[in-house]
file work20.cif (mmCIF, C-alpha atoms)
data_query
loop_
_atom_site.label_atom_id
_atom_site.label_comp_id
_atom_site.auth_asym_id
_atom_site.auth_seq_id
_atom_site.Cartn_x
_atom_site.Cartn_y
_atom_site.Cartn_z
CA MET A 1 -14.12 -2.41 -16.64
CA ILE A 2 -14.06 -6.21 -16.60
CA ILE A 3 -14.53 -7.58 -13.08
CA GLU A 4 -14.06 -11.14 -11.92
CA GLU A 5 -13.65 -12.89 -8.61
CA ILE A 6 -11.16 -15.66 -7.97
CA ARG A 7 -11.16 -18.10 -5.06
CA VAL A 8 -8.22 -18.98 -2.83
CA ARG A 9 -8.06 -21.69 -0.19
CA SER A 10 -5.38 -21.24 2.45
CA SER A 11 -4.08 -24.21 4.43
CA LYS A 12 -2.29 -22.57 7.37
CA ARG A 13 -2.86 -19.67 9.78
CA GLU A 14 -0.26 -17.58 7.94
CA GLU A 15 0.58 -18.25 4.34
CA LEU A 16 1.55 -16.50 1.12
CA VAL A 17 -0.37 -18.22 -1.68
CA ASP A 18 1.03 -17.64 -5.18
CA ILE A 19 -1.89 -16.58 -7.40
CA THR A 20 0.17 -15.26 -10.34
CA HIS A 21 -1.01 -17.99 -12.70
CA GLN A 22 -4.72 -17.51 -11.91
CA VAL A 23 -4.46 -13.73 -12.30
CA SER A 24 -2.48 -14.09 -15.52
CA GLN A 25 -5.20 -16.33 -16.98
CA PHE A 26 -7.87 -13.72 -16.20
CA VAL A 27 -5.78 -11.05 -17.94
CA SER A 28 -4.95 -13.11 -21.03
CA LYS A 29 -8.55 -14.18 -21.70
CA SER A 30 -9.91 -10.63 -21.36
CA ASP A 31 -10.50 -8.34 -24.36
CA ILE A 32 -8.52 -5.47 -22.84
CA ARG A 33 -4.99 -5.80 -24.18
CA ASN A 34 -3.53 -2.64 -22.64
CA GLY A 35 -4.58 -1.12 -19.35
CA LYS A 36 -4.33 -1.54 -15.64
CA LEU A 37 -5.32 -4.35 -13.33
CA THR A 38 -6.50 -3.81 -9.76
CA LEU A 39 -6.50 -6.70 -7.28
CA TYR A 40 -8.73 -6.24 -4.22
CA VAL A 41 -9.04 -8.47 -1.14
CA PRO A 42 -12.44 -8.02 0.61
CA HIS A 43 -11.17 -9.46 3.92
CA THR A 44 -9.79 -7.79 7.06
CA THR A 45 -7.26 -10.45 8.12
CA ALA A 46 -5.73 -11.00 4.68
CA ALA A 47 -3.90 -8.91 2.08
CA VAL A 48 -2.28 -9.02 -1.35
CA THR A 49 1.39 -8.37 -2.13
CA ILE A 50 3.83 -8.58 -5.02
CA ASN A 51 7.21 -10.13 -4.29
CA GLU A 52 9.66 -12.83 -5.42
CA ASN A 53 8.05 -16.14 -6.34
CA ALA A 54 11.14 -17.89 -7.74
CA ASP A 55 12.54 -19.10 -4.41
CA PRO A 56 9.86 -20.39 -1.95
CA ASP A 57 12.16 -19.32 0.88
CA VAL A 58 11.28 -15.68 0.18
CA PRO A 59 7.56 -15.98 1.09
CA HIS A 60 8.61 -18.19 4.03
CA ASP A 61 10.92 -15.46 5.33
CA ILE A 62 8.35 -12.69 4.78
CA ILE A 63 5.80 -14.61 6.89
CA LEU A 64 8.48 -15.10 9.57
CA SER A 65 9.34 -11.38 9.53
CA LEU A 66 5.69 -10.36 9.80
CA LYS A 67 5.21 -12.64 12.83
CA ASN A 68 8.19 -10.90 14.41
CA ILE A 69 6.99 -7.41 13.40
CA ALA A 70 3.38 -7.73 14.54
CA PRO A 71 3.13 -10.26 17.39
CA SER A 72 0.10 -10.77 19.60
CA LEU A 73 0.25 -8.19 22.41
CA ALA A 74 -0.95 -8.68 25.99
CA GLN A 75 -2.86 -5.38 25.87
CA PHE A 76 -4.97 -6.35 22.82
CA ARG A 77 -8.72 -5.97 23.51
CA HIS A 78 -10.34 -7.61 20.46
CA LEU A 79 -11.81 -10.85 21.82
CA GLU A 80 -11.36 -12.90 18.66
CA GLY A 81 -7.63 -13.01 19.41
CA ASN A 82 -6.59 -12.18 15.84
CA SER A 83 -5.61 -8.51 16.15
CA ASP A 84 -2.12 -9.37 14.90
CA ALA A 85 -3.76 -10.54 11.65
CA HIS A 86 -5.76 -7.29 11.32
CA THR A 87 -2.52 -5.32 11.79
CA LYS A 88 -0.68 -7.37 9.15
CA SER A 89 -3.59 -6.80 6.76
CA SER A 90 -3.25 -3.02 7.12
CA LEU A 91 0.56 -3.15 6.89
CA ILE A 92 0.58 -5.07 3.60
CA GLY A 93 -2.67 -3.61 2.23
CA CYS A 94 -5.74 -5.08 0.59
CA SER A 95 -5.12 -3.93 -2.99
CA GLN A 96 -2.42 -3.89 -5.66
CA GLU A 97 -2.12 -2.32 -9.11
CA VAL A 98 -0.37 -3.88 -12.12
CA PHE A 99 0.00 -2.49 -15.66
CA VAL A 100 -1.11 -4.71 -18.56
CA LYS A 101 0.56 -4.49 -21.98
CA ASP A 102 -0.29 -6.62 -25.02
CA GLY A 103 -2.44 -8.89 -22.87
CA LYS A 104 0.26 -9.55 -20.27
CA MET A 105 0.96 -8.14 -16.84
CA LEU A 106 4.02 -5.88 -16.71
CA LEU A 107 5.51 -7.70 -13.71
CA GLY A 108 9.26 -7.50 -13.07
CA THR A 109 11.42 -10.57 -13.79
CA TRP A 110 11.21 -11.87 -10.22
CA GLN A 111 7.76 -10.60 -9.30
CA GLY A 112 4.78 -12.80 -8.55
CA ILE A 113 1.43 -12.02 -6.91
CA PHE A 114 0.66 -13.49 -3.50
CA PHE A 115 -2.59 -13.70 -1.60
CA CYS A 116 -1.57 -13.15 2.04
CA GLU A 117 -3.43 -15.23 4.61
CA PHE A 118 -2.97 -14.07 8.20
CA ASP A 119 -5.83 -15.90 9.95
CA GLY A 120 -6.39 -19.15 8.10
CA PRO A 121 -6.96 -21.76 7.05
CA ARG A 122 -9.99 -20.30 5.25
CA HIS A 123 -11.80 -20.02 1.94
CA ARG A 124 -11.06 -16.56 0.57
CA ARG A 125 -11.75 -14.47 -2.52
CA ILE A 126 -10.03 -11.71 -4.49
CA ILE A 127 -11.70 -9.27 -6.87
CA LEU A 128 -9.86 -8.52 -10.12
CA GLY A 129 -10.74 -5.49 -12.21
CA LEU A 130 -9.17 -4.66 -15.57
CA VAL A 131 -9.68 -1.31 -17.26
CA MET B 1 -2.79 5.50 -21.06
CA ILE B 2 0.64 7.07 -21.48
CA ILE B 3 3.39 4.82 -20.11
CA GLU B 4 7.04 5.69 -19.56
CA GLU B 5 9.90 4.20 -17.63
CA ILE B 6 12.34 6.22 -15.57
CA ARG B 7 15.73 5.10 -14.28
CA VAL B 8 17.06 5.44 -10.76
CA ARG B 9 20.55 4.70 -9.53
CA SER B 10 20.88 4.04 -5.82
CA SER B 11 24.21 4.52 -4.05
CA LYS B 12 23.70 2.65 -0.75
CA ARG B 13 22.15 -0.60 0.46
CA GLU B 14 19.17 1.29 1.88
CA GLU B 15 18.18 4.66 0.54
CA LEU B 16 15.15 6.82 -0.19
CA VAL B 17 15.80 8.53 -3.52
CA ASP B 18 13.65 11.62 -4.19
CA ILE B 19 12.17 11.22 -7.69
CA THR B 20 9.50 13.95 -7.41
CA HIS B 21 11.15 16.16 -10.03
CA GLN B 22 11.54 13.36 -12.60
CA VAL B 23 7.93 12.24 -12.14
CA SER B 24 6.69 15.82 -12.29
CA GLN B 25 8.46 16.33 -15.63
CA PHE B 26 6.78 13.23 -17.08
CA VAL B 27 3.37 14.53 -15.97
CA SER B 28 3.86 18.10 -17.20
CA LYS B 29 5.02 17.08 -20.68
CA SER B 30 2.12 14.62 -21.18
CA ASP B 31 -1.08 15.56 -23.02
CA ILE B 32 -3.30 14.35 -20.19
CA ARG B 33 -4.02 17.39 -18.02
CA ASN B 34 -6.45 15.74 -15.59
CA GLY B 35 -6.34 12.14 -14.48
CA LYS B 36 -4.46 9.74 -12.29
CA LEU B 37 -0.84 8.67 -12.21
CA THR B 38 0.28 5.19 -11.18
CA LEU B 39 3.92 4.56 -10.19
CA TYR B 40 5.05 0.92 -10.32
CA VAL B 41 8.36 -0.59 -9.18
CA PRO B 42 9.13 -3.88 -10.99
CA HIS B 43 11.61 -5.05 -8.31
CA THR B 44 11.21 -7.27 -5.25
CA THR B 45 13.71 -5.57 -2.93
CA ALA B 46 12.61 -2.00 -3.59
CA ALA B 47 9.41 0.05 -3.23
CA VAL B 48 7.88 3.48 -3.76
CA THR B 49 6.49 5.77 -1.06
CA ILE B 50 5.17 9.30 -0.63
CA ASN B 51 6.43 11.24 2.37
CA GLU B 52 8.07 14.50 3.44
CA ASN B 53 10.90 15.66 1.18
CA ALA B 54 11.50 19.07 2.76
CA ASP B 55 13.79 17.89 5.58
CA PRO B 56 16.30 15.17 4.53
CA ASP B 57 16.20 13.91 8.13
CA VAL B 58 12.74 12.45 7.47
CA PRO B 59 13.86 9.89 4.84
CA HIS B 60 16.92 9.21 7.03
CA ASP B 61 14.69 8.40 10.01
CA ILE B 62 12.31 6.27 7.93
CA ILE B 63 15.24 4.13 6.72
CA LEU B 64 16.43 3.83 10.33
CA SER B 65 12.94 2.78 11.49
CA LEU B 66 12.62 0.18 8.75
CA LYS B 67 15.99 -1.37 9.71
CA ASN B 68 14.66 -1.60 13.25
CA ILE B 69 11.26 -2.96 12.16
CA ALA B 70 12.51 -5.63 9.73
CA PRO B 71 15.99 -6.80 10.77
CA SER B 72 17.75 -9.85 9.39
CA LEU B 73 16.56 -12.88 11.37
CA ALA B 74 18.63 -15.97 12.26
CA GLN B 75 15.83 -18.27 11.03
CA PHE B 76 15.75 -16.79 7.50
CA ARG B 77 16.18 -19.47 4.81
CA HIS B 78 16.63 -17.44 1.60
CA LEU B 79 20.30 -17.91 0.72
CA GLU B 80 20.80 -14.50 -0.90
CA GLY B 81 20.73 -12.97 2.59
CA ASN B 82 18.37 -10.15 1.62
CA SER B 83 15.06 -11.36 3.05
CA ASP B 84 14.86 -8.19 5.17
CA ALA B 85 14.79 -6.23 1.90
CA HIS B 86 11.98 -8.41 0.48
CA THR B 87 9.97 -7.80 3.66
CA LYS B 88 10.49 -4.03 3.50
CA SER B 89 9.39 -4.09 -0.15
CA SER B 90 6.07 -5.72 0.80
CA LEU B 91 5.59 -3.44 3.82
CA ILE B 92 5.96 -0.23 1.81
CA GLY B 93 4.52 -1.58 -1.45
CA CYS B 94 5.58 -1.45 -5.08
CA SER B 95 2.99 1.03 -6.37
CA GLN B 96 1.51 4.43 -5.57
CA GLU B 97 -1.37 6.47 -7.01
CA VAL B 98 -1.43 10.27 -7.39
CA PHE B 99 -4.18 12.49 -8.84
CA VAL B 100 -3.22 14.91 -11.62
CA LYS B 101 -5.03 18.25 -12.07
CA ASP B 102 -4.25 20.88 -14.71
CA GLY B 103 -1.02 19.07 -15.60
CA LYS B 104 0.28 18.92 -12.03
CA MET B 105 0.30 16.20 -9.38
CA LEU B 106 -2.09 16.86 -6.49
CA LEU B 107 0.59 16.20 -3.86
CA GLY B 108 0.18 17.68 -0.38
CA THR B 109 2.37 20.63 0.62
CA TRP B 110 5.04 18.46 2.23
CA GLN B 111 4.72 15.38 0.04
CA GLY B 112 7.41 14.13 -2.31
CA ILE B 113 7.82 10.78 -4.09
CA PHE B 114 10.64 8.48 -3.06
CA PHE B 115 12.05 5.41 -4.74
CA CYS B 116 12.90 3.07 -1.84
CA GLU B 117 16.07 1.03 -2.25
CA PHE B 118 16.45 -1.81 0.22
CA ASP B 119 19.19 -3.90 -1.43
CA GLY B 120 21.46 -1.50 -3.31
CA PRO B 121 23.45 0.02 -4.69
CA ARG B 122 21.79 -0.90 -8.00
CA HIS B 123 20.43 0.42 -11.27
CA ARG B 124 16.64 0.41 -10.96
CA ARG B 125 13.57 1.42 -12.93
CA ILE B 126 10.05 2.67 -12.24
CA ILE B 127 7.11 2.51 -14.61
CA LEU B 128 4.85 5.56 -14.75
CA GLY B 129 1.36 5.37 -16.26
CA LEU B 130 -0.97 8.33 -16.67
CA VAL B 131 -4.61 7.91 -17.58
CA MET C 1 -13.23 11.62 -13.07
CA ILE C 2 -15.28 13.15 -10.25
CA ILE C 3 -13.04 14.58 -7.53
CA GLU C 4 -14.08 15.80 -4.10
CA GLU C 5 -12.33 16.55 -0.84
CA ILE C 6 -13.64 15.53 2.55
CA ARG C 7 -12.55 16.89 5.92
CA VAL C 8 -11.57 14.89 8.98
CA ARG C 9 -10.87 16.19 12.45
CA SER C 10 -8.79 13.93 14.67
CA SER C 11 -8.94 14.23 18.45
CA LYS C 12 -5.84 12.31 19.59
CA ARG C 13 -2.20 11.93 18.55
CA GLU C 14 -2.93 8.49 17.08
CA GLU C 15 -6.39 7.55 15.96
CA LEU C 16 -8.24 5.55 13.32
CA VAL C 17 -11.24 7.64 12.26
CA ASP C 18 -14.01 5.68 10.51
CA ILE C 19 -14.89 7.61 7.32
CA THR C 20 -16.88 4.83 5.62
CA HIS C 21 -20.18 6.73 5.83
CA GLN C 22 -18.76 9.98 4.39
CA VAL C 23 -17.07 8.13 1.52
CA SER C 24 -20.20 6.10 0.85
CA GLN C 25 -22.27 9.30 0.57
CA PHE C 26 -19.84 10.71 -2.01
CA VAL C 27 -20.12 7.51 -4.06
CA SER C 28 -23.92 7.22 -3.89
CA LYS C 29 -24.57 10.82 -4.94
CA SER C 30 -22.16 10.62 -7.92
CA ASP C 31 -23.34 9.85 -11.46
CA ILE C 32 -20.79 7.07 -11.92
CA ARG C 33 -22.55 3.83 -10.94
CA ASN C 34 -19.75 1.41 -11.84
CA GLY C 35 -16.07 2.15 -11.60
CA LYS C 36 -13.23 2.55 -9.15
CA LEU C 37 -12.72 4.90 -6.25
CA THR C 38 -9.31 6.19 -5.19
CA LEU C 39 -8.81 7.70 -1.73
CA TYR C 40 -5.74 9.90 -1.31
CA VAL C 41 -4.35 11.49 1.87
CA PRO C 42 -2.21 14.59 1.10
CA HIS C 43 -0.40 14.46 4.47
CA THR C 44 2.92 12.92 5.52
CA THR C 45 2.01 11.88 9.08
CA ALA C 46 -1.34 10.29 8.25
CA ALA C 47 -2.62 7.46 6.05
CA VAL C 48 -5.72 5.60 4.93
CA THR C 49 -6.51 1.93 5.53
CA ILE C 50 -9.34 -0.56 5.12
CA ASN C 51 -10.03 -2.87 8.05
CA GLU C 52 -12.74 -4.11 10.40
CA ASN C 53 -15.10 -1.41 11.66
CA ALA C 54 -17.61 -3.65 13.44
CA ASP C 55 -15.68 -3.99 16.73
CA PRO C 56 -14.00 -0.74 17.90
CA ASP C 57 -11.37 -2.90 19.62
CA VAL C 58 -9.85 -3.69 16.20
CA PRO C 59 -8.77 -0.09 15.39
CA HIS C 60 -7.66 0.23 19.03
CA ASP C 61 -5.41 -2.82 18.69
CA ILE C 62 -4.03 -1.71 15.32
CA ILE C 63 -2.98 1.66 16.81
CA LEU C 64 -1.39 -0.22 19.73
CA SER C 65 0.49 -2.53 17.34
CA LEU C 66 1.75 0.38 15.25
CA LYS C 67 3.10 2.12 18.37
CA ASN C 68 4.94 -1.07 19.18
CA ILE C 69 6.17 -1.56 15.59
CA ALA C 70 7.42 1.98 14.97
CA PRO C 71 8.45 3.60 18.26
CA SER C 72 10.40 6.83 18.58
CA LEU C 73 14.10 5.97 18.31
CA ALA C 74 16.97 7.71 20.11
CA GLN C 75 18.91 8.06 16.83
CA PHE C 76 16.14 9.99 15.03
CA ARG C 77 17.40 13.29 13.58
CA HIS C 78 14.20 15.04 12.45
CA LEU C 79 13.78 17.87 14.96
CA GLU C 80 9.98 17.93 14.93
CA GLY C 81 10.04 14.71 16.96
CA ASN C 82 7.40 12.96 14.82
CA SER C 83 9.52 10.61 12.72
CA ASP C 84 7.55 7.65 14.09
CA ALA C 85 4.44 9.22 12.51
CA HIS C 86 6.20 9.62 9.14
CA THR C 87 7.22 5.95 9.27
CA LYS C 88 3.68 4.80 10.10
CA SER C 89 2.38 6.89 7.18
CA SER C 90 4.69 5.07 4.75
CA LEU C 91 3.93 1.66 6.28
CA ILE C 92 0.15 2.01 5.90
CA GLY C 93 0.25 4.17 2.76
CA CYS C 94 -1.53 7.35 1.69
CA SER C 95 -3.95 5.86 -0.86
CA GLN C 96 -6.49 3.06 -1.23
CA GLU C 97 -8.54 1.72 -4.13
CA VAL C 98 -12.11 0.40 -3.91
CA PHE C 99 -14.35 -0.96 -6.70
CA VAL C 100 -17.80 0.61 -7.11
CA LYS C 101 -20.76 -1.41 -8.43
CA ASP C 102 -24.32 -0.15 -8.89
CA GLY C 103 -23.47 2.99 -6.93
CA LYS C 104 -22.06 1.15 -3.92
CA MET C 105 -18.53 0.36 -2.81
CA LEU C 106 -17.59 -3.33 -3.14
CA LEU C 107 -16.29 -3.53 0.44
CA GLY C 108 -16.13 -6.90 2.18
CA THR C 109 -18.68 -7.68 4.91
CA TRP C 110 -16.41 -6.51 7.73
CA GLN C 111 -14.50 -3.81 5.88
CA GLY C 112 -14.68 -0.11 6.67
CA ILE C 113 -12.45 2.79 5.62
CA PHE C 114 -10.32 4.51 8.24
CA PHE C 115 -8.42 7.78 8.09
CA CYS C 116 -5.23 7.08 10.09
CA GLU C 117 -3.99 9.95 12.23
CA PHE C 118 -0.45 9.52 13.53
CA ASP C 119 0.40 13.07 14.64
CA GLY C 120 -2.84 14.68 15.78
CA PRO C 121 -5.04 16.15 16.89
CA ARG C 122 -5.35 18.05 13.60
CA HIS C 123 -7.70 19.15 10.87
CA ARG C 124 -7.06 16.88 7.88
CA ARG C 125 -8.38 16.26 4.40
CA ILE C 126 -8.76 13.30 2.00
CA ILE C 127 -9.19 13.51 -1.75
CA LEU C 128 -11.71 11.12 -3.31
CA GLY C 129 -11.69 10.41 -7.04
CA LEU C 130 -14.22 8.23 -8.83
CA VAL C 131 -13.75 7.10 -12.40
#
call {"tool": "encode", "arguments": {"input": "work20.cif", "output": "structure tokens"}}
result
Amino acid sequence: MIIEEIRVRSSKREELVDITHQVSQFVSKSDIRNGKLTLYVPHTTAAVTINENADPDVPHDIILSLKNIAPSLAQFRHLEGNSDAHTKSSLIGCSQEVFVKDGKMLLGTWQGIFFCEFDGPRHRRIILGLV
Amino acid sequence: MIIEEIRVRSSKREELVDITHQVSQFVSKSDIRNGKLTLYVPHTTAAVTINENADPDVPHDIILSLKNIAPSLAQFRHLEGNSDAHTKSSLIGCSQEVFVKDGKMLLGTWQGIFFCEFDGPRHRRIILGLV
Amino acid sequence: MIIEEIRVRSSKREELVDITHQVSQFVSKSDIRNGKLTLYVPHTTAAVTINENADPDVPHDIILSLKNIAPSLAQFRHLEGNSDAHTKSSLIGCSQEVFVKDGKMLLGTWQGIFFCEFDGPRHRRIILGLV
């Protein structure tokens, strides 16, 4: 398995950062031409998702929906005040799998890979593993 | 890794289509008797989930819940009008993993595999990879 | 692939049970020092997630959020009355992936692994596979 870490810098509290190009570069330079890629986010207020990256309004609307779905609740106990971000992290999930064929990710026509920031702005990292 | 694509045709805007039988056939005819199966949906308004397929009221209620959880919002910007479907896709996720033992999926007693349509009816596909 | 099953006993209807230690023991005693671990929950009203396990208020708040996100709806048809639990299971997901390096899981500083009970108390199981 080839493992590498990439860095992401978010600029807002909640943001979907398109990392498709960075991930694609890791895949294309690796020696494994056919296999499976795992993306793993080692943070508890962030996540990784695959969704449309053609129209920037799609990630905008997903962030808006998630705010609506998991708002801050009066009964929250966690003193850091970011329990909504922890919930969003578990809803979206901290890993994704993508097939690789002939040195390229088998993404659908409209699919891109987004690092999901729910408690930024922060410096973050994602672990990529290709096997 | 053995890779194959299966086709799914949805008949409603939102629908959980039971694909357990199709996936099971792919696994049983493959030469790999023990390993792990990855299911991957290359669409941005669809997903794949594992849940109860004994009582058809369960997928019905999950669809109902998801409509309630991720409704269309007035502030959405994406002009196609299907941002709720993109959100549901990221909430459920576009891939699933299942162990395979002696040529059969290690699903729990009540578990079945569902293709999740959130913006149908459409012709869709799912990529299966067994390793 | 090394496969093993671990047991979890939940004590409430909804509960996040920290299983990091049990999973870590399985990984450290295995012969595979570098690879990838898959956790799989063979139940339809439970799930597995990775989130903060330092402050017990975080799992408390996540459970609270999920109750708020996926309540029981009057229009539910499933007669067992636990459709909210089935929905939560699909939202969080029944599997997780974690990299393993030098015999240890590559979890982030604040990350722990939680079995998610949504229809307990029950005796449950999780399948671990390391490759």
call {"tool": "calpha_fit_and_write", "arguments": {"input": "work20.cif", "fixed": "chain C", "moving": "chain A", "output": "short mmCIF file (atom, residue, chain, number, x, y, z; two decimals) with C-alpha atoms, keeping the file's coordinate frame"}}
result
data_model
loop_
_atom_site.label_atom_id
_atom_site.label_comp_id
_atom_site.auth_asym_id
_atom_site.auth_seq_id
_atom_site.Cartn_x
_atom_site.Cartn_y
_atom_site.Cartn_z
CA MET A 1 -13.25 11.63 -13.09
CA ILE A 2 -15.28 13.15 -10.26
CA ILE A 3 -13.05 14.58 -7.54
CA GLU A 4 -14.08 15.77 -4.11
CA GLU A 5 -12.34 16.54 -0.86
CA ILE A 6 -13.64 15.52 2.54
CA ARG A 7 -12.55 16.89 5.91
CA VAL A 8 -11.57 14.89 8.97
CA ARG A 9 -10.87 16.19 12.46
CA SER A 10 -8.79 13.92 14.67
CA SER A 11 -8.93 14.22 18.45
CA LYS A 12 -5.84 12.30 19.58
CA ARG A 13 -2.19 11.92 18.54
CA GLU A 14 -2.93 8.48 17.08
CA GLU A 15 -6.39 7.55 15.95
CA LEU A 16 -8.24 5.55 13.32
CA VAL A 17 -11.24 7.63 12.27
CA ASP A 18 -14.01 5.69 10.51
CA ILE A 19 -14.89 7.61 7.33
CA THR A 20 -16.89 4.83 5.61
CA HIS A 21 -20.17 6.73 5.84
CA GLN A 22 -18.76 9.98 4.39
CA VAL A 23 -17.07 8.13 1.52
CA SER A 24 -20.20 6.09 0.85
CA GLN A 25 -22.26 9.28 0.57
CA PHE A 26 -19.85 10.71 -2.01
CA VAL A 27 -20.12 7.51 -4.05
CA SER A 28 -23.91 7.22 -3.88
CA LYS A 29 -24.57 10.82 -4.94
CA SER A 30 -22.18 10.63 -7.91
CA ASP A 31 -23.35 9.84 -11.46
CA ILE A 32 -20.79 7.06 -11.92
CA ARG A 33 -22.55 3.84 -10.96
CA ASN A 34 -19.75 1.42 -11.84
CA GLY A 35 -16.06 2.15 -11.59
CA LYS A 36 -13.24 2.57 -9.16
CA LEU A 37 -12.72 4.91 -6.25
CA THR A 38 -9.31 6.20 -5.19
CA LEU A 39 -8.82 7.71 -1.73
CA TYR A 40 -5.74 9.91 -1.31
CA VAL A 41 -4.35 11.50 1.87
CA PRO A 42 -2.21 14.60 1.09
CA HIS A 43 -0.41 14.47 4.47
CA THR A 44 2.92 12.93 5.52
CA THR A 45 2.02 11.88 9.08
CA ALA A 46 -1.33 10.29 8.24
CA ALA A 47 -2.60 7.45 6.05
CA VAL A 48 -5.72 5.60 4.93
CA THR A 49 -6.50 1.93 5.54
CA ILE A 50 -9.33 -0.55 5.12
CA ASN A 51 -10.01 -2.87 8.04
CA GLU A 52 -12.74 -4.11 10.41
CA ASN A 53 -15.09 -1.41 11.67
CA ALA A 54 -17.61 -3.65 13.45
CA ASP A 55 -15.69 -3.99 16.73
CA PRO A 56 -13.99 -0.73 17.91
CA ASP A 57 -11.37 -2.89 19.61
CA VAL A 58 -9.86 -3.69 16.20
CA PRO A 59 -8.77 -0.09 15.39
CA HIS A 60 -7.67 0.24 19.04
CA ASP A 61 -5.42 -2.81 18.70
CA ILE A 62 -4.03 -1.70 15.32
CA ILE A 63 -2.99 1.66 16.82
CA LEU A 64 -1.38 -0.22 19.74
CA SER A 65 0.49 -2.53 17.35
CA LEU A 66 1.75 0.37 15.25
CA LYS A 67 3.09 2.13 18.37
CA ASN A 68 4.95 -1.08 19.18
CA ILE A 69 6.16 -1.56 15.59
CA ALA A 70 7.41 1.97 14.96
CA PRO A 71 8.44 3.60 18.26
CA SER A 72 10.39 6.82 18.59
CA LEU A 73 14.11 5.97 18.29
CA ALA A 74 16.97 7.71 20.10
CA GLN A 75 18.91 8.06 16.84
CA PHE A 76 16.13 9.98 15.02
CA ARG A 77 17.41 13.29 13.58
CA HIS A 78 14.20 15.04 12.46
CA LEU A 79 13.77 17.88 14.96
CA GLU A 80 9.97 17.92 14.93
CA GLY A 81 10.04 14.69 16.95
CA ASN A 82 7.40 12.96 14.83
CA SER A 83 9.51 10.60 12.71
CA ASP A 84 7.55 7.65 14.09
CA ALA A 85 4.44 9.20 12.51
CA HIS A 86 6.19 9.63 9.13
CA THR A 87 7.22 5.95 9.27
CA LYS A 88 3.67 4.80 10.09
CA SER A 89 2.39 6.89 7.18
CA SER A 90 4.69 5.07 4.75
CA LEU A 91 3.93 1.66 6.29
CA ILE A 92 0.15 2.02 5.91
CA GLY A 93 0.24 4.17 2.76
CA CYS A 94 -1.51 7.34 1.68
CA SER A 95 -3.94 5.86 -0.85
CA GLN A 96 -6.49 3.07 -1.23
CA GLU A 97 -8.54 1.72 -4.13
CA VAL A 98 -12.12 0.40 -3.91
CA PHE A 99 -14.35 -0.95 -6.70
CA VAL A 100 -17.81 0.60 -7.11
CA LYS A 101 -20.75 -1.43 -8.44
CA ASP A 102 -24.31 -0.17 -8.89
CA GLY A 103 -23.48 2.98 -6.94
CA LYS A 104 -22.04 1.15 -3.93
CA MET A 105 -18.52 0.37 -2.81
CA LEU A 106 -17.59 -3.31 -3.14
CA LEU A 107 -16.28 -3.53 0.44
CA GLY A 108 -16.14 -6.91 2.18
CA THR A 109 -18.69 -7.68 4.92
CA TRP A 110 -16.41 -6.51 7.73
CA GLN A 111 -14.50 -3.80 5.88
CA GLY A 112 -14.68 -0.11 6.68
CA ILE A 113 -12.45 2.79 5.62
CA PHE A 114 -10.32 4.52 8.24
CA PHE A 115 -8.42 7.78 8.09
CA CYS A 116 -5.24 7.09 10.09
CA GLU A 117 -3.99 9.95 12.24
CA PHE A 118 -0.45 9.51 13.54
CA ASP A 119 0.39 13.07 14.66
CA GLY A 120 -2.83 14.68 15.80
CA PRO A 121 -5.05 16.14 16.90
CA ARG A 122 -5.35 18.05 13.61
CA HIS A 123 -7.70 19.15 10.86
CA ARG A 124 -7.06 16.88 7.89
CA ARG A 125 -8.39 16.25 4.39
CA ILE A 126 -8.76 13.31 2.01
CA ILE A 127 -9.19 13.51 -1.76
CA LEU A 128 -11.72 11.13 -3.32
CA GLY A 129 -11.69 10.41 -7.04
CA LEU A 130 -14.24 8.23 -8.83
CA VAL A 131 -13.75 7.09 -12.41
#
call {"tool": "residues_around", "arguments": {"input": "work20.cif", "residues": "stretch 1-6 of chain A", "least_positions_apart": "6", "cutoff": "7 Å", "atoms": "only C-alpha atoms", "output": "MDAnalysis selection string"}}
result
chainID A and resid 125:131
call {"tool": "closest_atom_pairs", "arguments": {"input": "work20.cif", "of": "chain A", "to": "chain C", "cutoff": "6 Å", "atoms": "all atoms listed in the file", "output": "tab-separated table"}}
result
residue	atom	partner	partner_atom	distance
A:Pro42	CA	C:Gly108	CA	4.2
A:His43	CA	C:Gly108	CA	5.8
A:Thr44	CA	C:Asn51	CA	5.0
A:Phe76	CA	C:Asp61	CA	5.5
A:Arg77	CA	C:Asp57	CA	5.6
A:His78	CA	C:Asp57	CA	4.9
A:Thr87	CA	C:Ile62	CA	5.3
A:Leu91	CA	C:Ile92	CA	5.3
call {"tool": "atom_distance", "arguments": {"input": "work20.cif", "atom1": "atom CA of B:Val27", "atom2": "atom CA of B:Phe114"}}
result
16.0 Å
call {"tool": "atom_distance", "arguments": {"input": "work20.cif", "atom1": "atom CA of C:Arg122", "atom2": "atom CA of C:Leu39"}}
result
18.8 Å
call {"tool": "residues_near_point", "arguments": {"input": "work20.cif", "point": "(-16.7, 10.3, 7.5)", "cutoff": "10 Å", "atoms": "only C-alpha atoms", "output": "list in words"}}
result
Ile6, Arg7, Val8, Arg9, Val17, Asp18, Ile19, Thr20, His21, Gln22, Val23, Ser24, Gln25, Ile113, Phe114 and Phe115 of chain C
call {"tool": "atom_distance", "arguments": {"input": "work20.cif", "atom1": "atom CA of C:Ser89", "atom2": "atom CA of C:Leu37"}}
result
20.3 Å
call {"tool": "residues_near_point", "arguments": {"input": "work20.cif", "point": "(24.6, 0.4, 0.4)", "cutoff": "9 Å", "atoms": "all atoms listed in the file", "output": "PyMOL selection string"}}
result
chain B and resi 10-15+117-122
call {"tool": "residues_around", "arguments": {"input": "work20.cif", "residues": "C:Cys94", "least_positions_apart": "6", "cutoff": "7 Å", "atoms": "only C-alpha atoms", "output": "PyMOL selection string"}}
result
chain C and resi 40-41+47-48
